[in-house]
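What follows is run-v9.cif (mmCIF, C-alpha atoms and all ligand atoms).
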data_my_file
loop_
_atom_site.label_atom_id
_atom_site.label_comp_id
_atom_site.auth_asym_id
_atom_site.auth_seq_id
_atom_site.Cartn_x
_atom_site.Cartn_y
_atom_site.Cartn_z
CA MET A 1 -27.01 -9.65 6.16
CA ILE A 2 -30.19 -7.64 6.85
CA ASP A 3 -31.78 -8.05 10.30
CA PRO A 4 -35.12 -6.16 10.48
CA THR A 5 -35.10 -6.31 14.33
CA LEU A 6 -31.93 -4.13 14.53
CA GLU A 7 -32.52 -0.39 14.97
CA ARG A 8 -28.91 0.76 14.63
CA TYR A 9 -25.82 -0.38 12.78
CA PRO A 10 -23.94 -2.91 14.97
CA PHE A 11 -21.10 -1.59 17.16
CA SER A 12 -18.40 -2.94 14.79
CA MET A 13 -19.84 -1.05 11.80
CA ARG A 14 -20.30 2.18 13.75
CA ALA A 15 -16.79 2.00 15.22
CA LEU A 16 -15.19 1.26 11.84
CA HIS A 17 -17.21 4.05 10.13
CA TRP A 18 -15.93 6.69 12.59
CA LEU A 19 -12.33 5.36 12.67
CA VAL A 20 -12.26 5.57 8.85
CA VAL A 21 -13.62 9.16 9.04
CA LEU A 22 -10.80 10.03 11.47
CA ALA A 23 -8.12 8.44 9.24
CA VAL A 24 -9.38 10.30 6.13
CA LEU A 25 -9.49 13.62 8.00
CA VAL A 26 -5.95 13.22 9.37
CA ALA A 27 -4.39 11.92 6.10
CA TYR A 28 -5.98 14.76 4.14
CA GLY A 29 -5.78 17.51 6.74
CA VAL A 30 -2.10 17.02 7.62
CA ILE A 31 -1.11 18.08 4.07
CA TYR A 32 -2.39 21.61 4.80
CA LEU A 33 0.31 21.95 7.49
CA GLU A 34 3.04 21.60 4.84
CA ALA A 35 2.96 25.33 4.03
CA PHE A 36 4.11 26.13 7.61
CA PHE A 37 7.43 24.28 7.22
CA PRO A 38 10.32 25.09 4.85
CA ARG A 39 11.24 22.64 2.06
CA GLY A 40 13.53 19.84 3.32
CA SER A 41 12.73 20.53 7.02
CA VAL A 42 12.12 17.87 9.67
CA GLY A 43 8.57 19.27 10.05
CA ARG A 44 7.79 18.40 6.42
CA ALA A 45 9.28 14.93 6.83
CA TYR A 46 6.96 14.37 9.84
CA ILE A 47 3.98 15.52 7.78
CA TRP A 48 4.63 12.88 5.09
CA TRP A 49 5.48 10.26 7.76
CA THR A 50 2.04 10.94 9.30
CA HIS A 51 0.28 11.06 5.89
CA ILE A 52 1.66 7.69 4.83
CA SER A 53 1.30 6.00 8.26
CA VAL A 54 -2.34 7.11 8.59
CA GLY A 55 -2.94 6.12 4.93
CA LEU A 56 -1.68 2.61 5.76
CA ALA A 57 -3.90 2.59 8.87
CA LEU A 58 -6.80 3.37 6.51
CA VAL A 59 -5.88 0.34 4.38
CA ALA A 60 -5.87 -1.84 7.55
CA LEU A 61 -9.24 -0.42 8.67
CA LEU A 62 -10.74 -1.18 5.25
CA MET A 63 -9.40 -4.73 5.40
CA LEU A 64 -11.52 -5.08 8.55
CA ARG A 65 -14.44 -2.96 7.39
CA ILE A 66 -15.18 -4.66 4.08
CA PRO A 67 -15.46 -8.25 5.45
CA ASN A 68 -17.35 -6.81 8.44
CA ARG A 69 -19.77 -5.07 6.04
CA ILE A 70 -20.39 -8.40 4.29
CA LEU A 71 -20.68 -10.57 7.42
CA ALA A 72 -22.22 -8.32 10.13
CA ARG A 73 -25.96 -8.22 10.75
CA GLN A 74 -27.24 -4.78 9.81
CA PRO A 75 -30.54 -2.94 10.10
CA ALA A 76 -32.99 -2.78 7.21
CA PRO A 77 -32.80 0.61 5.42
CA SER A 78 -34.43 3.37 7.47
CA ALA A 79 -38.20 3.47 6.93
CA ALA A 80 -37.77 7.26 6.56
CA LEU A 81 -36.16 6.75 3.13
CA SER A 82 -38.13 6.43 -0.11
CA ARG A 83 -36.95 3.92 -2.75
CA PRO A 84 -35.18 6.50 -4.99
CA VAL A 85 -33.38 7.96 -1.94
CA ARG A 86 -32.27 4.47 -0.86
CA ILE A 87 -30.87 3.86 -4.34
CA ALA A 88 -29.07 7.24 -4.34
CA ALA A 89 -27.60 6.47 -0.88
CA ALA A 90 -26.44 3.01 -2.01
CA VAL A 91 -24.73 4.54 -5.09
CA ALA A 92 -23.02 7.22 -2.94
CA HIS A 93 -21.88 4.62 -0.38
CA GLY A 94 -20.54 2.37 -3.18
CA LEU A 95 -18.57 5.30 -4.64
CA LEU A 96 -17.22 6.20 -1.19
CA TYR A 97 -15.98 2.61 -0.75
CA LEU A 98 -14.32 2.66 -4.21
CA LEU A 99 -12.53 5.95 -3.46
CA LEU A 100 -11.56 4.75 0.03
CA ILE A 101 -9.86 1.70 -1.51
CA ALA A 102 -8.31 3.34 -4.59
CA THR A 103 -6.87 6.50 -2.97
CA PRO A 104 -4.44 4.86 -0.51
CA LEU A 105 -3.50 2.12 -3.02
CA LEU A 106 -2.52 4.79 -5.56
CA GLY A 107 -0.62 6.59 -2.77
CA ILE A 108 1.41 3.44 -2.06
CA TRP A 109 2.08 2.95 -5.77
CA LEU A 110 3.13 6.61 -6.07
CA ALA A 111 5.61 6.30 -3.20
CA PHE A 112 7.06 3.09 -4.73
CA LEU A 113 7.38 4.68 -8.20
CA ARG A 114 9.49 7.39 -6.58
CA GLY A 115 11.66 4.68 -5.00
CA ASP A 116 10.42 5.63 -1.50
CA ALA A 117 9.70 3.09 1.22
CA VAL A 118 6.34 3.34 3.03
CA THR A 119 6.36 3.28 6.81
CA PHE A 120 3.68 2.54 9.38
CA PHE A 121 4.57 4.90 12.27
CA SER A 122 8.18 3.59 11.98
CA LEU A 123 6.96 0.25 13.41
CA PHE A 124 7.61 -1.40 10.07
CA THR A 125 8.76 -0.16 6.69
CA ILE A 126 8.08 -1.64 3.26
CA PRO A 127 10.80 -0.81 0.71
CA SER A 128 9.79 -0.16 -2.90
CA PRO A 129 9.59 -3.46 -4.80
CA ILE A 130 9.51 -1.69 -8.22
CA GLY A 131 11.83 0.45 -10.35
CA ILE A 132 11.87 4.26 -10.15
CA ASP A 133 9.80 6.07 -12.83
CA ARG A 134 9.45 9.77 -12.00
CA THR A 135 7.42 10.68 -15.11
CA TYR A 136 4.81 8.02 -14.34
CA ALA A 137 4.93 9.00 -10.64
CA ARG A 138 3.92 12.57 -11.56
CA GLU A 139 0.87 11.26 -13.42
CA ILE A 140 -0.11 8.93 -10.57
CA LYS A 141 0.30 11.82 -8.12
CA GLU A 142 -2.29 13.82 -10.11
CA VAL A 143 -4.72 10.87 -10.04
CA HIS A 144 -4.07 10.22 -6.30
CA GLU A 145 -4.68 13.88 -5.50
CA THR A 146 -7.84 14.12 -7.64
CA MET A 147 -9.26 10.93 -6.08
CA ALA A 148 -8.51 12.25 -2.58
CA ASP A 149 -10.30 15.53 -3.42
CA ALA A 150 -13.28 13.63 -4.87
CA LEU A 151 -13.41 11.44 -1.73
CA VAL A 152 -13.45 14.45 0.57
CA VAL A 153 -16.06 16.36 -1.49
CA LEU A 154 -18.35 13.31 -1.70
CA ALA A 155 -17.88 12.64 2.04
CA MET A 156 -18.84 16.25 2.79
CA LEU A 157 -22.03 15.95 0.70
CA HIS A 158 -22.74 12.63 2.44
CA ALA A 159 -22.21 14.22 5.89
CA ALA A 160 -24.38 17.22 4.94
CA THR A 161 -27.17 14.83 3.88
CA ALA A 162 -26.90 12.97 7.21
CA LEU A 163 -27.13 16.32 9.09
CA VAL A 164 -30.20 17.40 7.07
CA HIS A 165 -31.88 14.09 7.98
CA HIS A 166 -31.09 14.64 11.65
CA PHE A 167 -31.78 18.35 12.15
CA VAL A 168 -34.33 19.19 9.41
CA LEU A 169 -36.20 15.97 8.64
CA LYS A 170 -35.67 14.77 12.25
CA ASP A 171 -35.59 11.07 11.32
CA ASP A 172 -33.41 8.20 12.60
CA VAL A 173 -30.85 8.07 9.73
CA LEU A 174 -27.92 9.65 11.63
CA ARG A 175 -28.80 8.10 15.02
CA ARG A 176 -28.41 4.61 13.50
CA MET A 177 -24.72 5.36 12.83
CA LEU A 178 -23.97 7.17 16.16
CA PRO A 179 -22.91 5.59 19.48
CA PRO A 180 -26.03 4.84 21.56
CA SER A 181 -27.07 7.83 23.71
CA ARG A 182 -28.56 7.23 27.14
C1 LIG B 1 -0.88 4.49 2.27
C2 LIG B 1 -1.55 5.48 1.82
C3 LIG B 1 -0.97 6.70 1.15
C4 LIG B 1 0.28 6.91 0.65
C5 LIG B 1 1.45 5.96 0.62
C6 LIG B 1 0.30 8.26 0.11
C7 LIG B 1 1.39 8.85 -0.49
C8 LIG B 1 1.42 10.12 -1.02
C9 LIG B 1 2.56 10.73 -1.63
C10 LIG B 1 3.95 10.07 -1.78
C11 LIG B 1 2.19 11.96 -2.05
C12 LIG B 1 3.06 12.98 -2.80
C13 LIG B 1 3.67 13.91 -1.82
C14 LIG B 1 4.53 14.97 -2.46
O1 LIG B 1 4.01 15.84 -3.15
O2 LIG B 1 5.75 14.90 -2.25
C15 LIG B 1 0.80 12.13 -1.69
C16 LIG B 1 0.08 13.27 -1.95
C17 LIG B 1 -1.24 13.43 -1.62
N1 LIG B 1 -2.03 12.53 -0.93
FE1 LIG B 1 -1.50 10.70 -0.33
N2 LIG B 1 -0.94 8.83 0.30
C18 LIG B 1 -1.74 7.91 0.94
C19 LIG B 1 -3.05 8.07 1.32
C20 LIG B 1 -3.79 9.21 1.10
C21 LIG B 1 -5.13 9.42 1.55
C22 LIG B 1 -5.94 8.40 2.36
C23 LIG B 1 -5.50 10.68 1.15
C24 LIG B 1 -6.78 11.42 1.36
C25 LIG B 1 -7.86 10.94 1.80
C26 LIG B 1 -4.39 11.26 0.43
C27 LIG B 1 -4.36 12.51 -0.14
C28 LIG B 1 -3.29 13.09 -0.79
C29 LIG B 1 -3.29 14.40 -1.42
C30 LIG B 1 -4.47 15.39 -1.49
C31 LIG B 1 -2.00 14.60 -1.94
C32 LIG B 1 -1.48 15.85 -2.71
C33 LIG B 1 -0.68 16.71 -1.79
C34 LIG B 1 -0.06 17.91 -2.50
O3 LIG B 1 1.00 17.75 -3.07
O4 LIG B 1 -0.67 18.98 -2.46
N3 LIG B 1 -3.35 10.35 0.44
N4 LIG B 1 0.35 11.01 -1.06
C1 LIG B 2 -14.53 10.72 5.43
C2 LIG B 2 -15.79 10.83 5.77
C3 LIG B 2 -16.83 9.73 5.59
C4 LIG B 2 -16.81 8.58 4.85
C5 LIG B 2 -15.69 8.08 3.93
C6 LIG B 2 -18.07 7.90 5.07
C7 LIG B 2 -18.43 6.69 4.49
C8 LIG B 2 -19.62 6.03 4.69
C9 LIG B 2 -20.01 4.81 4.05
C10 LIG B 2 -19.14 4.04 3.03
C11 LIG B 2 -21.23 4.47 4.52
C12 LIG B 2 -22.04 3.23 4.13
C13 LIG B 2 -22.00 2.23 5.24
C14 LIG B 2 -22.40 0.87 4.74
O1 LIG B 2 -23.56 0.66 4.42
O2 LIG B 2 -21.51 0.00 4.72
C15 LIG B 2 -21.64 5.47 5.48
C16 LIG B 2 -22.82 5.47 6.17
C17 LIG B 2 -23.25 6.51 6.95
N1 LIG B 2 -22.53 7.67 7.25
FE1 LIG B 2 -20.70 8.16 6.60
N2 LIG B 2 -18.83 8.63 5.95
C18 LIG B 2 -18.11 9.76 6.29
C19 LIG B 2 -18.49 10.76 7.14
C20 LIG B 2 -19.72 10.84 7.74
C21 LIG B 2 -20.15 11.94 8.58
C22 LIG B 2 -19.30 13.17 8.95
C23 LIG B 2 -21.44 11.65 8.95
C24 LIG B 2 -22.39 12.44 9.84
C25 LIG B 2 -22.43 13.73 9.93
C26 LIG B 2 -21.80 10.37 8.38
C27 LIG B 2 -22.99 9.72 8.55
C28 LIG B 2 -23.32 8.48 8.04
C29 LIG B 2 -24.61 7.83 8.25
C30 LIG B 2 -25.79 8.38 9.06
C31 LIG B 2 -24.56 6.60 7.57
C32 LIG B 2 -25.69 5.55 7.46
C33 LIG B 2 -26.51 5.89 6.25
C34 LIG B 2 -27.71 4.95 6.07
O3 LIG B 2 -28.15 4.28 7.00
O4 LIG B 2 -28.20 4.90 4.91
N3 LIG B 2 -20.72 9.90 7.64
N4 LIG B 2 -20.65 6.43 5.55
#
Starting from the coordinates I provided, produce the structure as structure tokens.
Amino acid sequence: MIDPTLERYPFSMRALHWLVVLAVLVAYGVIYLEAFFPRGSVGRAYIWWTHISVGLALVALLMLRIPNRILARQPAPSAALSRPVRIAAAVAHGLLYLLLIATPLLGIWLAFLRGDAVTFFSLFTIPSPIGIDRTYAREIKEVHETMADALVVLAMLHAATALVHHFVLKDDVLRRMLPPSR
């Protein structure tokens, strides 16, 4: 719901945006630590425990973020943006949402196809409700990995655009998504 009197995104949208950024960075970044631990080690098990727990946290955050996006009052698009730029931003944001939803869902499916349970920080564990299919799991792993890479690349382009608006064009685009500064 557009509210032309609002200058920034409401607190709920800003908080959920940055919590989602944190979850994506941790889920993706933790995989790079794998190389430091030998195959079958406890360290590796912790890496996948963290990857899957944070991935599930991302699902929970999106279950809050999407209804919040639909219901919360939000500012009209920044006056600094021309119509074609607004359309490009809307397309990029739509793609980011699609990748944010699809990547963890494929991850859950992948774990289940391997017969693995998924755990949320060991607080609760969901056993696989489907049969094991390792061949299919390998294909889904490729898709999951490619989607995750696409998400991170698109998010980096998106972040770079926000930084150009802030530091080069010196408009309000980034400030609208940041916590208020006093
Ligand atoms: C609940 C959510 C998720 C689950 C259950 C999940 C599960 C998995 C599993 C089982 C693997 C295969 C690990 C292996 O090779 O043994 C994997 C790999 C991977 N996941 Fe996820 N994932 C989730 C969310 C995410 C998210 C949010 C991202 C990134 C934003 C991501 C990025 C990746 C990448 C890049 C790989 C490939 C790692 C490699 O083998 O090099 N995953 N995931
Ligand atoms: C994993 C990383 C990120 C993801 C997945 C992501 C995702 C999104 C999405 C989906 C939106 C649209 C919000 C909506 O209208 O509902 C958005 C808006 C925004 N994001 Fe990000 N973002 C990420 C990182 C960043 C970073 C690092 C920055 C800043 C450097 C940033 C700055 C912004 C700004 C300024 C907006 C508002 C754009 C506007 O008003 O048109 N984002 N982000």
Next item on the list: For stretch 157-165 of chain A, work out the shell of residues within 12 Å, counting all atoms listed in the file and skipping chain neighbours fewer than 5 positions away, then give it as an MDAnalysis selection string.
Entry: chainID A and resid 18 21 78 80:81 85 88:96 150:152 170:178
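Between atom CA of A:Thr50 and atom CA of A:Leu100 lies a distance of 17.6 Å.
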Item checked: Shell around A:His17 at 12 Å using only C-alpha atoms, local window under 3 positions removed, as a list in words -> Tyr9, Pro10, Phe11, Ser12, Met13, Arg14, Val20, Val21, Leu22, Ala23, Val24, Leu58, Leu61, Leu62, Leu64, Arg65, Ile66, Asn68, Arg69, His93, Leu96, Tyr97, Leu100, Ala155, Arg176, Met177, Leu178 and Pro179 of chain A
Next, write the just-selected residues to a file, as a PDB file, keeping the file's coordinate frame, keeping C-alpha atoms as the atom set.
ATOM      1  CA  TYR A   9     -25.820  -0.380  12.780  1.00  0.00           C
ATOM      2  CA  PRO A  10     -23.940  -2.910  14.970  1.00  0.00           C
ATOM      3  CA  PHE A  11     -21.100  -1.590  17.160  1.00  0.00           C
ATOM      4  CA  SER A  12     -18.400  -2.940  14.790  1.00  0.00           C
ATOM      5  CA  MET A  13     -19.840  -1.050  11.800  1.00  0.00           C
ATOM      6  CA  ARG A  14     -20.300   2.180  13.750  1.00  0.00           C
ATOM      7  CA  VAL A  20     -12.260   5.570   8.850  1.00  0.00           C
ATOM      8  CA  VAL A  21     -13.620   9.160   9.040  1.00  0.00           C
ATOM      9  CA  LEU A  22     -10.800  10.030  11.470  1.00  0.00           C
ATOM     10  CA  ALA A  23      -8.120   8.440   9.240  1.00  0.00           C
ATOM     11  CA  VAL A  24      -9.380  10.300   6.130  1.00  0.00           C
ATOM     12  CA  LEU A  58      -6.800   3.370   6.510  1.00  0.00           C
ATOM     13  CA  LEU A  61      -9.240  -0.420   8.670  1.00  0.00           C
ATOM     14  CA  LEU A  62     -10.740  -1.180   5.250  1.00  0.00           C
ATOM     15  CA  LEU A  64     -11.520  -5.080   8.550  1.00  0.00           C
ATOM     16  CA  ARG A  65     -14.440  -2.960   7.390  1.00  0.00           C
ATOM     17  CA  ILE A  66     -15.180  -4.660   4.080  1.00  0.00           C
ATOM     18  CA  ASN A  68     -17.350  -6.810   8.440  1.00  0.00           C
ATOM     19  CA  ARG A  69     -19.770  -5.070   6.040  1.00  0.00           C
ATOM     20  CA  HIS A  93     -21.880   4.620  -0.380  1.00  0.00           C
ATOM     21  CA  LEU A  96     -17.220   6.200  -1.190  1.00  0.00           C
ATOM     22  CA  TYR A  97     -15.980   2.610  -0.750  1.00  0.00           C
ATOM     23  CA  LEU A 100     -11.560   4.750   0.030  1.00  0.00           C
ATOM     24  CA  ALA A 155     -17.880  12.640   2.040  1.00  0.00           C
ATOM     25  CA  ARG A 176     -28.410   4.610  13.500  1.00  0.00           C
ATOM     26  CA  MET A 177     -24.720   5.360  12.830  1.00  0.00           C
ATOM     27  CA  LEU A 178     -23.970   7.170  16.160  1.00  0.00           C
ATOM     28  CA  PRO A 179     -22.910   5.590  19.480  1.00  0.00           C
TER      29      PRO A 179
END
Item checked: Test item: residues no farther than 6 Å from ligand LIG 1 (chain B), counting only C-alpha atoms and all ligand atoms, as JSON, numbers by chain -> {"A": [24, 27, 28, 52, 55, 56, 103, 104, 107, 108, 110, 111, 145, 148]}
Can you report as JSON the centre and edge lengths in Å, to one decimal, of an axis-aligned box around the listed atoms of ligand LIG 2 (chain B) padded with 8 Å on each side?
{"center_x": -21.4, "center_y": 6.9, "center_z": 6.5, "size_x": 29.7, "size_y": 29.7, "size_z": 22.9}
Next item on the list: Enter the distance from atom CA of A:Gly43 to atom CA of A:Met156, in Å, rounded to one decimal.
Entry: 28.5 Å
